[in-house]
$ cat data-v9.cif   # mmCIF, C-alpha atoms
data_model
loop_
_atom_site.label_atom_id
_atom_site.label_comp_id
_atom_site.auth_asym_id
_atom_site.auth_seq_id
_atom_site.Cartn_x
_atom_site.Cartn_y
_atom_site.Cartn_z
CA MET A 1 -152.50 -77.92 -255.96
CA ALA A 2 -153.74 -80.04 -253.07
CA THR A 3 -156.55 -78.85 -250.85
CA ASP A 4 -155.30 -77.41 -247.54
CA LEU A 5 -157.84 -77.61 -244.73
CA THR A 6 -155.44 -76.69 -241.93
CA GLY A 7 -157.45 -74.85 -239.28
CA THR A 8 -160.74 -76.47 -240.32
CA THR A 9 -162.62 -78.61 -237.79
CA VAL A 10 -165.19 -81.18 -238.86
CA ALA A 11 -167.51 -83.37 -236.80
CA PHE A 12 -168.68 -86.78 -237.99
CA LEU A 13 -171.85 -87.90 -236.24
CA ALA A 14 -172.38 -91.67 -236.18
CA THR A 15 -173.49 -94.55 -234.00
CA GLU A 16 -173.87 -98.34 -234.14
CA GLY A 17 -174.51 -99.54 -237.67
CA VAL A 18 -172.67 -96.83 -239.60
CA GLU A 19 -171.65 -97.90 -243.11
CA GLN A 20 -167.90 -98.02 -242.56
CA VAL A 21 -166.79 -96.76 -245.98
CA GLU A 22 -169.18 -93.80 -245.69
CA LEU A 23 -167.39 -92.88 -242.46
CA THR A 24 -163.80 -93.67 -243.41
CA GLY A 25 -163.83 -92.41 -247.02
CA PRO A 26 -164.76 -88.79 -246.24
CA TRP A 27 -162.82 -88.92 -242.93
CA GLU A 28 -159.57 -89.87 -244.68
CA ALA A 29 -160.08 -87.26 -247.41
CA ILE A 30 -160.71 -84.43 -244.96
CA LYS A 31 -158.03 -85.45 -242.48
CA GLY A 32 -155.60 -86.00 -245.35
CA ALA A 33 -156.17 -82.37 -246.36
CA GLY A 34 -155.09 -81.21 -242.90
CA ALA A 35 -158.42 -80.76 -241.09
CA THR A 36 -159.05 -81.75 -237.51
CA VAL A 37 -161.81 -84.36 -237.38
CA HIS A 38 -163.80 -85.69 -234.44
CA LEU A 39 -166.09 -88.67 -234.24
CA VAL A 40 -169.15 -87.62 -232.26
CA SER A 41 -171.66 -90.21 -231.05
CA PRO A 42 -174.22 -90.93 -228.35
CA GLU A 43 -171.96 -93.88 -227.47
CA PRO A 44 -168.28 -94.17 -226.46
CA GLU A 45 -167.66 -96.59 -229.34
CA VAL A 46 -169.15 -96.97 -232.79
CA GLN A 47 -169.48 -100.34 -234.54
CA GLY A 48 -168.96 -99.97 -238.27
CA PHE A 49 -170.57 -102.27 -240.81
CA ASN A 50 -169.83 -103.37 -244.34
CA HIS A 51 -173.46 -103.50 -245.38
CA LEU A 52 -174.81 -106.14 -242.93
CA ASP A 53 -171.47 -107.54 -241.75
CA LYS A 54 -169.65 -106.16 -238.71
CA ALA A 55 -166.49 -104.28 -239.59
CA ASP A 56 -164.21 -102.14 -237.40
CA THR A 57 -165.00 -100.46 -234.10
CA PHE A 58 -164.18 -96.76 -233.71
CA THR A 59 -163.57 -94.88 -230.46
CA THR A 60 -165.62 -91.73 -230.14
CA ASP A 61 -163.72 -88.45 -229.71
CA ARG A 62 -166.71 -86.68 -228.14
CA GLU A 63 -170.03 -87.97 -226.92
CA VAL A 64 -172.83 -85.92 -228.42
CA HIS A 65 -173.94 -84.50 -225.06
CA ASP A 66 -170.44 -82.98 -224.69
CA ALA A 67 -170.12 -81.70 -228.27
CA ASN A 68 -170.91 -78.15 -229.36
CA PRO A 69 -171.71 -77.35 -233.01
CA GLY A 70 -170.07 -73.96 -232.43
CA ASN A 71 -166.69 -75.69 -232.25
CA TYR A 72 -166.94 -77.06 -235.78
CA ASP A 73 -166.92 -75.68 -239.31
CA ALA A 74 -168.92 -78.56 -240.76
CA LEU A 75 -170.79 -81.77 -240.01
CA VAL A 76 -170.62 -85.03 -241.95
CA LEU A 77 -173.41 -87.58 -241.57
CA PRO A 78 -172.38 -91.02 -242.86
CA GLY A 79 -175.13 -93.49 -243.70
CA GLY A 80 -175.90 -97.12 -243.23
CA VAL A 81 -179.48 -98.08 -242.48
CA ALA A 82 -179.21 -98.57 -238.71
CA ASN A 83 -176.99 -95.55 -237.98
CA PRO A 84 -179.26 -92.69 -239.10
CA ASP A 85 -182.36 -94.55 -237.95
CA ALA A 86 -180.91 -94.63 -234.42
CA LEU A 87 -179.62 -91.04 -234.58
CA ARG A 88 -183.00 -89.63 -235.63
CA THR A 89 -184.57 -91.04 -232.47
CA ASP A 90 -181.85 -89.64 -230.18
CA GLU A 91 -182.85 -86.14 -229.02
CA GLU A 92 -179.28 -85.00 -228.33
CA SER A 93 -178.10 -86.12 -231.78
CA VAL A 94 -181.00 -84.37 -233.51
CA ALA A 95 -180.28 -81.21 -231.50
CA PHE A 96 -176.60 -81.43 -232.49
CA VAL A 97 -177.52 -81.61 -236.20
CA LYS A 98 -180.07 -78.82 -235.77
CA GLY A 99 -177.33 -76.66 -234.24
CA PHE A 100 -175.34 -76.86 -237.49
CA LEU A 101 -178.40 -76.19 -239.61
CA ASP A 102 -179.53 -73.23 -237.49
CA ALA A 103 -176.03 -71.72 -237.63
CA GLY A 104 -175.94 -72.03 -241.44
CA LYS A 105 -172.92 -74.31 -241.40
CA VAL A 106 -171.90 -76.91 -243.96
CA VAL A 107 -173.71 -80.23 -243.51
CA ALA A 108 -172.91 -83.23 -245.71
CA ALA A 109 -175.00 -86.42 -245.67
CA ILE A 110 -174.72 -89.63 -247.67
CA CYS A 111 -176.99 -92.60 -248.34
CA HIS A 112 -179.57 -93.03 -245.51
CA ALA A 113 -178.16 -90.12 -243.45
CA PRO A 114 -180.81 -87.62 -244.66
CA TRP A 115 -183.24 -89.37 -242.27
CA THR A 116 -181.46 -87.49 -239.49
CA LEU A 117 -181.70 -84.25 -241.49
CA ILE A 118 -185.47 -84.76 -241.82
CA GLU A 119 -185.81 -85.14 -238.05
CA ALA A 120 -183.74 -81.97 -237.51
CA GLY A 121 -185.98 -80.00 -239.89
CA GLY A 122 -183.18 -79.50 -242.41
CA VAL A 123 -184.60 -80.50 -245.78
CA GLU A 124 -187.74 -78.43 -246.38
CA GLY A 125 -187.33 -76.40 -249.58
CA ARG A 126 -183.91 -77.95 -250.25
CA LYS A 127 -182.73 -80.00 -253.23
CA VAL A 128 -181.22 -83.31 -252.04
CA THR A 129 -180.35 -86.84 -253.03
CA SER A 130 -180.10 -90.03 -251.00
CA TRP A 131 -180.45 -93.78 -251.14
CA PRO A 132 -183.56 -94.26 -253.33
CA SER A 133 -185.72 -95.69 -250.53
CA LEU A 134 -185.66 -92.29 -248.76
CA ARG A 135 -187.17 -90.48 -251.76
CA THR A 136 -190.73 -90.48 -250.39
CA ASP A 137 -189.62 -89.56 -246.86
CA LEU A 138 -187.64 -86.61 -248.20
CA ARG A 139 -190.43 -85.41 -250.47
CA ASN A 140 -192.93 -85.70 -247.60
CA ALA A 141 -190.57 -83.51 -245.53
CA GLY A 142 -190.66 -80.83 -248.24
CA ALA A 143 -187.42 -81.57 -250.09
CA GLU A 144 -186.93 -81.75 -253.83
CA TRP A 145 -185.42 -85.23 -254.29
CA VAL A 146 -183.25 -85.96 -257.34
CA ASP A 147 -181.28 -89.02 -258.43
CA GLU A 148 -177.80 -87.54 -258.85
CA GLU A 149 -174.30 -88.49 -257.72
CA VAL A 150 -173.90 -85.41 -255.56
CA VAL A 151 -176.18 -82.45 -254.89
CA ILE A 152 -174.94 -79.16 -253.48
CA CYS A 153 -177.78 -76.99 -252.22
CA ASP A 154 -177.31 -73.39 -251.15
CA ASP A 155 -181.09 -72.68 -250.95
CA GLY A 156 -181.39 -72.16 -247.23
CA PRO A 157 -179.03 -71.57 -244.37
CA GLY A 158 -175.59 -72.99 -245.01
CA ARG A 159 -174.57 -75.44 -247.67
CA LEU A 160 -176.12 -78.90 -247.79
CA ILE A 161 -174.18 -81.61 -249.65
CA THR A 162 -175.83 -84.99 -250.28
CA SER A 163 -174.96 -88.18 -252.15
CA ARG A 164 -176.72 -91.50 -252.79
CA ASN A 165 -174.40 -94.36 -251.85
CA PRO A 166 -170.79 -95.55 -251.44
CA ASP A 167 -170.19 -95.41 -255.20
CA ASP A 168 -170.67 -91.63 -254.96
CA ILE A 169 -167.98 -91.11 -252.30
CA PRO A 170 -165.40 -89.66 -254.73
CA ALA A 171 -167.85 -86.96 -255.90
CA PHE A 172 -169.08 -86.43 -252.32
CA ASN A 173 -165.50 -85.96 -251.09
CA GLU A 174 -164.66 -83.57 -253.92
CA ALA A 175 -167.71 -81.39 -253.18
CA LEU A 176 -166.98 -81.43 -249.46
CA LEU A 177 -163.28 -80.62 -249.84
CA ASP A 178 -164.01 -77.79 -252.27
CA THR A 179 -166.65 -76.33 -249.96
CA LEU A 180 -164.42 -76.54 -246.88
CA ALA A 181 -161.47 -75.02 -248.72
CA ASN A 182 -163.59 -71.99 -249.57
CA LEU A 183 -165.10 -71.23 -246.15
CA ASP A 184 -165.14 -67.53 -245.32
CA HIS A 185 -164.20 -68.16 -241.71
CA LYS A 186 -163.13 -70.98 -239.48
CA VAL A 187 -163.87 -71.63 -235.84
CA ASP A 188 -161.29 -72.08 -233.12
CA ARG A 189 -160.27 -75.71 -232.72
CA PRO A 190 -162.17 -77.51 -229.95
#
$ encode --input "data-v9.cif" --output "structure tokens"
Amino acid sequence: MATDLTGTTVAFLATEGVEQVELTGPWEAIKGAGATVHLVSPEPEVQGFNHLDKADTFTTDREVHDANPGNYDALVLPGGVANPDALRTDEESVAFVKGFLDAGKVVAAICHAPWTLIEAGGVEGRKVTSWPSLRTDLRNAGAEWVDEEVVICDDGPGRLITSRNPDDIPAFNEALLDTLANLDHKVDRP
């Protein structure tokens, strides 16, 4: 039986330099299951990248200053090196992520995206994975870092789902879809 996410709303937070497949892979899986998805960004457009090469440009559905975590069931943070590095220095983006964490909502991050989680105070005491170069940053922020395809952590408010890189997208999507399909409640669509 296919996953039905009708009535579920998910925000994807990204900016210039997002790794395109880490945006589009989970996006297509969630939208394909019937969820409403919004691209949230500090900018009106997001330039995707295939590693270091420019890829597609995506129009933002909501700019972060106009987005409310209360309107979403979950947040997905795609990676790419430049994307989360820029987001972690943007106060409104960090506050947006913190809003999901404080509300105990589902937050899923892949590759370099846990940098933004660190800035939002969302990894202390949590088991996570990431691109290997973030290992020390995550440990210094109080996380237990492991080298696994996908990590689902329920130790703390909400569920935190993390993966290492684009090769892990199938496992990341499966964990995210399963989690969203089993939410106890869903918010009204924004």
$ resolve_selection --input "data-v9.cif" --expression "the PyMOL selection byres ((chain A and resi 161) around 12)" --output "PyMOL selection string"
chain A and resi 74-78+105-111+113-114+117+122-123+126-130+148-155+158-160+162-164+168-169+171-180
$ write_last_selection --input "data-v9.cif" --atoms "C-alpha atoms" --output "mmCIF file, in the frame of the given file"
data_model
loop_
_atom_site.group_PDB
_atom_site.id
_atom_site.type_symbol
_atom_site.label_atom_id
_atom_site.label_comp_id
_atom_site.auth_asym_id
_atom_site.auth_seq_id
_atom_site.Cartn_x
_atom_site.Cartn_y
_atom_site.Cartn_z
ATOM 1 C CA ALA A 74 -168.920 -78.560 -240.760
ATOM 2 C CA LEU A 75 -170.790 -81.770 -240.010
ATOM 3 C CA VAL A 76 -170.620 -85.030 -241.950
ATOM 4 C CA LEU A 77 -173.410 -87.580 -241.570
ATOM 5 C CA PRO A 78 -172.380 -91.020 -242.860
ATOM 6 C CA LYS A 105 -172.920 -74.310 -241.400
ATOM 7 C CA VAL A 106 -171.900 -76.910 -243.960
ATOM 8 C CA VAL A 107 -173.710 -80.230 -243.510
ATOM 9 C CA ALA A 108 -172.910 -83.230 -245.710
ATOM 10 C CA ALA A 109 -175.000 -86.420 -245.670
ATOM 11 C CA ILE A 110 -174.720 -89.630 -247.670
ATOM 12 C CA CYS A 111 -176.990 -92.600 -248.340
ATOM 13 C CA ALA A 113 -178.160 -90.120 -243.450
ATOM 14 C CA PRO A 114 -180.810 -87.620 -244.660
ATOM 15 C CA LEU A 117 -181.700 -84.250 -241.490
ATOM 16 C CA GLY A 122 -183.180 -79.500 -242.410
ATOM 17 C CA VAL A 123 -184.600 -80.500 -245.780
ATOM 18 C CA ARG A 126 -183.910 -77.950 -250.250
ATOM 19 C CA LYS A 127 -182.730 -80.000 -253.230
ATOM 20 C CA VAL A 128 -181.220 -83.310 -252.040
ATOM 21 C CA THR A 129 -180.350 -86.840 -253.030
ATOM 22 C CA SER A 130 -180.100 -90.030 -251.000
ATOM 23 C CA GLU A 148 -177.800 -87.540 -258.850
ATOM 24 C CA GLU A 149 -174.300 -88.490 -257.720
ATOM 25 C CA VAL A 150 -173.900 -85.410 -255.560
ATOM 26 C CA VAL A 151 -176.180 -82.450 -254.890
ATOM 27 C CA ILE A 152 -174.940 -79.160 -253.480
ATOM 28 C CA CYS A 153 -177.780 -76.990 -252.220
ATOM 29 C CA ASP A 154 -177.310 -73.390 -251.150
ATOM 30 C CA ASP A 155 -181.090 -72.680 -250.950
ATOM 31 C CA GLY A 158 -175.590 -72.990 -245.010
ATOM 32 C CA ARG A 159 -174.570 -75.440 -247.670
ATOM 33 C CA LEU A 160 -176.120 -78.900 -247.790
ATOM 34 C CA THR A 162 -175.830 -84.990 -250.280
ATOM 35 C CA SER A 163 -174.960 -88.180 -252.150
ATOM 36 C CA ARG A 164 -176.720 -91.500 -252.790
ATOM 37 C CA ASP A 168 -170.670 -91.630 -254.960
ATOM 38 C CA ILE A 169 -167.980 -91.110 -252.300
ATOM 39 C CA ALA A 171 -167.850 -86.960 -255.900
ATOM 40 C CA PHE A 172 -169.080 -86.430 -252.320
ATOM 41 C CA ASN A 173 -165.500 -85.960 -251.090
ATOM 42 C CA GLU A 174 -164.660 -83.570 -253.920
ATOM 43 C CA ALA A 175 -167.710 -81.390 -253.180
ATOM 44 C CA LEU A 176 -166.980 -81.430 -249.460
ATOM 45 C CA LEU A 177 -163.280 -80.620 -249.840
ATOM 46 C CA ASP A 178 -164.010 -77.790 -252.270
ATOM 47 C CA THR A 179 -166.650 -76.330 -249.960
ATOM 48 C CA LEU A 180 -164.420 -76.540 -246.880
#
$ resolve_selection --input "data-v9.cif" --expression "the PyMOL selection byres ((chain A and resi 12) around 12)" --output "PDB file with C-alpha atoms, in the coordinates of the input"
ATOM      1  CA  THR A   9    -162.620 -78.610-237.790  1.00  0.00           C
ATOM      2  CA  VAL A  10    -165.190 -81.180-238.860  1.00  0.00           C
ATOM      3  CA  ALA A  11    -167.510 -83.370-236.800  1.00  0.00           C
ATOM      4  CA  LEU A  13    -171.850 -87.900-236.240  1.00  0.00           C
ATOM      5  CA  ALA A  14    -172.380 -91.670-236.180  1.00  0.00           C
ATOM      6  CA  THR A  15    -173.490 -94.550-234.000  1.00  0.00           C
ATOM      7  CA  VAL A  18    -172.670 -96.830-239.600  1.00  0.00           C
ATOM      8  CA  GLU A  22    -169.180 -93.800-245.690  1.00  0.00           C
ATOM      9  CA  LEU A  23    -167.390 -92.880-242.460  1.00  0.00           C
ATOM     10  CA  THR A  24    -163.800 -93.670-243.410  1.00  0.00           C
ATOM     11  CA  GLY A  25    -163.830 -92.410-247.020  1.00  0.00           C
ATOM     12  CA  PRO A  26    -164.760 -88.790-246.240  1.00  0.00           C
ATOM     13  CA  TRP A  27    -162.820 -88.920-242.930  1.00  0.00           C
ATOM     14  CA  GLU A  28    -159.570 -89.870-244.680  1.00  0.00           C
ATOM     15  CA  ILE A  30    -160.710 -84.430-244.960  1.00  0.00           C
ATOM     16  CA  LYS A  31    -158.030 -85.450-242.480  1.00  0.00           C
ATOM     17  CA  THR A  36    -159.050 -81.750-237.510  1.00  0.00           C
ATOM     18  CA  VAL A  37    -161.810 -84.360-237.380  1.00  0.00           C
ATOM     19  CA  HIS A  38    -163.800 -85.690-234.440  1.00  0.00           C
ATOM     20  CA  LEU A  39    -166.090 -88.670-234.240  1.00  0.00           C
ATOM     21  CA  VAL A  40    -169.150 -87.620-232.260  1.00  0.00           C
ATOM     22  CA  SER A  41    -171.660 -90.210-231.050  1.00  0.00           C
ATOM     23  CA  PRO A  42    -174.220 -90.930-228.350  1.00  0.00           C
ATOM     24  CA  VAL A  46    -169.150 -96.970-232.790  1.00  0.00           C
ATOM     25  CA  PHE A  58    -164.180 -96.760-233.710  1.00  0.00           C
ATOM     26  CA  THR A  60    -165.620 -91.730-230.140  1.00  0.00           C
ATOM     27  CA  ASP A  61    -163.720 -88.450-229.710  1.00  0.00           C
ATOM     28  CA  ARG A  62    -166.710 -86.680-228.140  1.00  0.00           C
ATOM     29  CA  GLU A  63    -170.030 -87.970-226.920  1.00  0.00           C
ATOM     30  CA  VAL A  64    -172.830 -85.920-228.420  1.00  0.00           C
ATOM     31  CA  ALA A  67    -170.120 -81.700-228.270  1.00  0.00           C
ATOM     32  CA  PRO A  69    -171.710 -77.350-233.010  1.00  0.00           C
ATOM     33  CA  TYR A  72    -166.940 -77.060-235.780  1.00  0.00           C
ATOM     34  CA  ASP A  73    -166.920 -75.680-239.310  1.00  0.00           C
ATOM     35  CA  ALA A  74    -168.920 -78.560-240.760  1.00  0.00           C
ATOM     36  CA  LEU A  75    -170.790 -81.770-240.010  1.00  0.00           C
ATOM     37  CA  VAL A  76    -170.620 -85.030-241.950  1.00  0.00           C
ATOM     38  CA  LEU A  77    -173.410 -87.580-241.570  1.00  0.00           C
ATOM     39  CA  PRO A  78    -172.380 -91.020-242.860  1.00  0.00           C
ATOM     40  CA  GLY A  79    -175.130 -93.490-243.700  1.00  0.00           C
ATOM     41  CA  SER A  93    -178.100 -86.120-231.780  1.00  0.00           C
ATOM     42  CA  PHE A  96    -176.600 -81.430-232.490  1.00  0.00           C
ATOM     43  CA  VAL A  97    -177.520 -81.610-236.200  1.00  0.00           C
ATOM     44  CA  PHE A 100    -175.340 -76.860-237.490  1.00  0.00           C
ATOM     45  CA  VAL A 106    -171.900 -76.910-243.960  1.00  0.00           C
ATOM     46  CA  VAL A 107    -173.710 -80.230-243.510  1.00  0.00           C
ATOM     47  CA  ALA A 108    -172.910 -83.230-245.710  1.00  0.00           C
ATOM     48  CA  ALA A 109    -175.000 -86.420-245.670  1.00  0.00           C
ATOM     49  CA  ILE A 110    -174.720 -89.630-247.670  1.00  0.00           C
ATOM     50  CA  ALA A 113    -178.160 -90.120-243.450  1.00  0.00           C
TER      51      ALA A 113
END
$ closest_residue --input "data-v9.cif" --among "A:Glu45, A:Asp102, A:Glu16, A:Asp85" --to "Leu134 of chain A" --atoms "only C-alpha atoms"
A:Asp85
$ residues_near_point --input "data-v9.cif" --point "(-176.1, -100.0, -236.9)" --cutoff "8 Å" --atoms "only C-alpha atoms" --output "MDAnalysis selection string"
chainID A and resid 15:19 47:49 80:83 86
$ closest_residue --input "data-v9.cif" --among "A:Val146, A:Leu138, A:Ala120, A:Leu183" --to "Asp90 of chain A" --atoms "all atoms listed in the file"
A:Ala120
$ closest_residue --input "data-v9.cif" --among "A:Ala103, A:Ala141, A:Ala33, A:Val94" --to "Leu5 of chain A" --atoms "only C-alpha atoms"
A:Ala33
$ atom_distance --input "data-v9.cif" --atom1 "atom CA of Trp145 of chain A" --atom2 "atom CA of Thr116 of chain A"
15.5 Å
$ closest_residue --input "data-v9.cif" --among "A:Ala29, A:Ala55, A:Ala2, A:Ile118" --to "Leu101 of chain A" --atoms "all atoms listed in the file"
A:Ile118
$ closest_residue --input "data-v9.cif" --among "A:Asn68, A:Asn140, A:Thr59, A:Asn165" --to "Gly125 of chain A" --atoms "only C-alpha atoms"
A:Asn140
$ decode --input "data-v9.cif" --residues "segment 109-138 of chain A" --atoms "N, CA and C atoms" --output "short mmCIF file (atom, residue, chain, number, x, y, z; two decimals), in the first residue's frame"
data_model
loop_
_atom_site.label_atom_id
_atom_site.label_comp_id
_atom_site.auth_asym_id
_atom_site.auth_seq_id
_atom_site.Cartn_x
_atom_site.Cartn_y
_atom_site.Cartn_z
N ALA A 109 17.25 16.33 7.99
CA ALA A 109 18.39 17.06 7.43
C ALA A 109 19.36 16.07 6.79
N ILE A 110 19.90 16.45 5.64
CA ILE A 110 20.81 15.57 4.92
C ILE A 110 22.11 16.29 4.58
N CYS A 111 23.19 15.55 4.61
CA CYS A 111 24.51 15.99 4.16
C CYS A 111 25.08 17.09 5.07
N HIS A 112 25.25 18.31 4.55
CA HIS A 112 25.78 19.43 5.33
C HIS A 112 24.70 20.19 6.10
N ALA A 113 23.43 19.85 5.90
CA ALA A 113 22.32 20.58 6.52
C ALA A 113 22.36 20.62 8.04
N PRO A 114 22.95 19.63 8.74
CA PRO A 114 23.01 19.75 10.21
C PRO A 114 23.76 20.98 10.72
N TRP A 115 24.54 21.66 9.87
CA TRP A 115 25.14 22.93 10.30
C TRP A 115 24.04 23.89 10.77
N THR A 116 22.94 23.93 10.04
CA THR A 116 21.84 24.82 10.42
C THR A 116 21.20 24.34 11.72
N LEU A 117 21.11 23.03 11.90
CA LEU A 117 20.58 22.48 13.16
C LEU A 117 21.46 22.87 14.34
N ILE A 118 22.77 22.84 14.15
CA ILE A 118 23.70 23.25 15.22
C ILE A 118 23.39 24.69 15.64
N GLU A 119 23.28 25.56 14.66
CA GLU A 119 23.05 26.99 14.93
C GLU A 119 21.72 27.21 15.66
N ALA A 120 20.73 26.36 15.36
CA ALA A 120 19.41 26.47 15.99
C ALA A 120 19.34 25.75 17.33
N GLY A 121 20.46 25.18 17.77
CA GLY A 121 20.49 24.49 19.07
C GLY A 121 19.76 23.16 19.06
N GLY A 122 19.75 22.48 17.91
CA GLY A 122 18.92 21.28 17.79
C GLY A 122 19.62 19.94 17.83
N VAL A 123 20.91 19.90 18.19
CA VAL A 123 21.58 18.60 18.14
C VAL A 123 22.11 18.12 19.49
N GLU A 124 22.15 18.95 20.49
CA GLU A 124 22.71 18.54 21.77
C GLU A 124 21.95 17.35 22.34
N GLY A 125 22.69 16.29 22.68
CA GLY A 125 22.10 15.09 23.24
C GLY A 125 21.39 14.20 22.22
N ARG A 126 21.51 14.53 20.95
CA ARG A 126 20.82 13.78 19.90
C ARG A 126 21.81 12.94 19.10
N LYS A 127 21.37 11.79 18.63
CA LYS A 127 22.16 10.94 17.75
C LYS A 127 21.88 11.37 16.31
N VAL A 128 22.96 11.66 15.55
CA VAL A 128 22.81 12.17 14.18
C VAL A 128 23.90 11.60 13.28
N THR A 129 23.67 11.78 11.99
CA THR A 129 24.70 11.53 10.99
C THR A 129 24.74 12.73 10.05
N SER A 130 25.74 12.76 9.19
CA SER A 130 25.92 13.89 8.27
C SER A 130 27.03 13.55 7.30
N TRP A 131 27.36 14.50 6.45
CA TRP A 131 28.57 14.42 5.65
C TRP A 131 29.72 14.32 6.65
N PRO A 132 30.71 13.47 6.42
CA PRO A 132 31.76 13.23 7.41
C PRO A 132 32.50 14.47 7.93
N SER A 133 32.62 15.50 7.11
CA SER A 133 33.37 16.68 7.56
C SER A 133 32.66 17.46 8.67
N LEU A 134 31.39 17.17 8.93
CA LEU A 134 30.65 17.84 10.01
C LEU A 134 30.77 17.11 11.34
N ARG A 135 31.40 15.94 11.33
CA ARG A 135 31.50 15.11 12.53
C ARG A 135 31.98 15.90 13.74
N THR A 136 33.09 16.61 13.62
CA THR A 136 33.65 17.35 14.75
C THR A 136 32.72 18.48 15.17
N ASP A 137 32.14 19.19 14.21
CA ASP A 137 31.20 20.28 14.53
C ASP A 137 30.01 19.74 15.34
N LEU A 138 29.49 18.61 14.90
CA LEU A 138 28.33 18.04 15.59
C LEU A 138 28.69 17.54 16.98
#
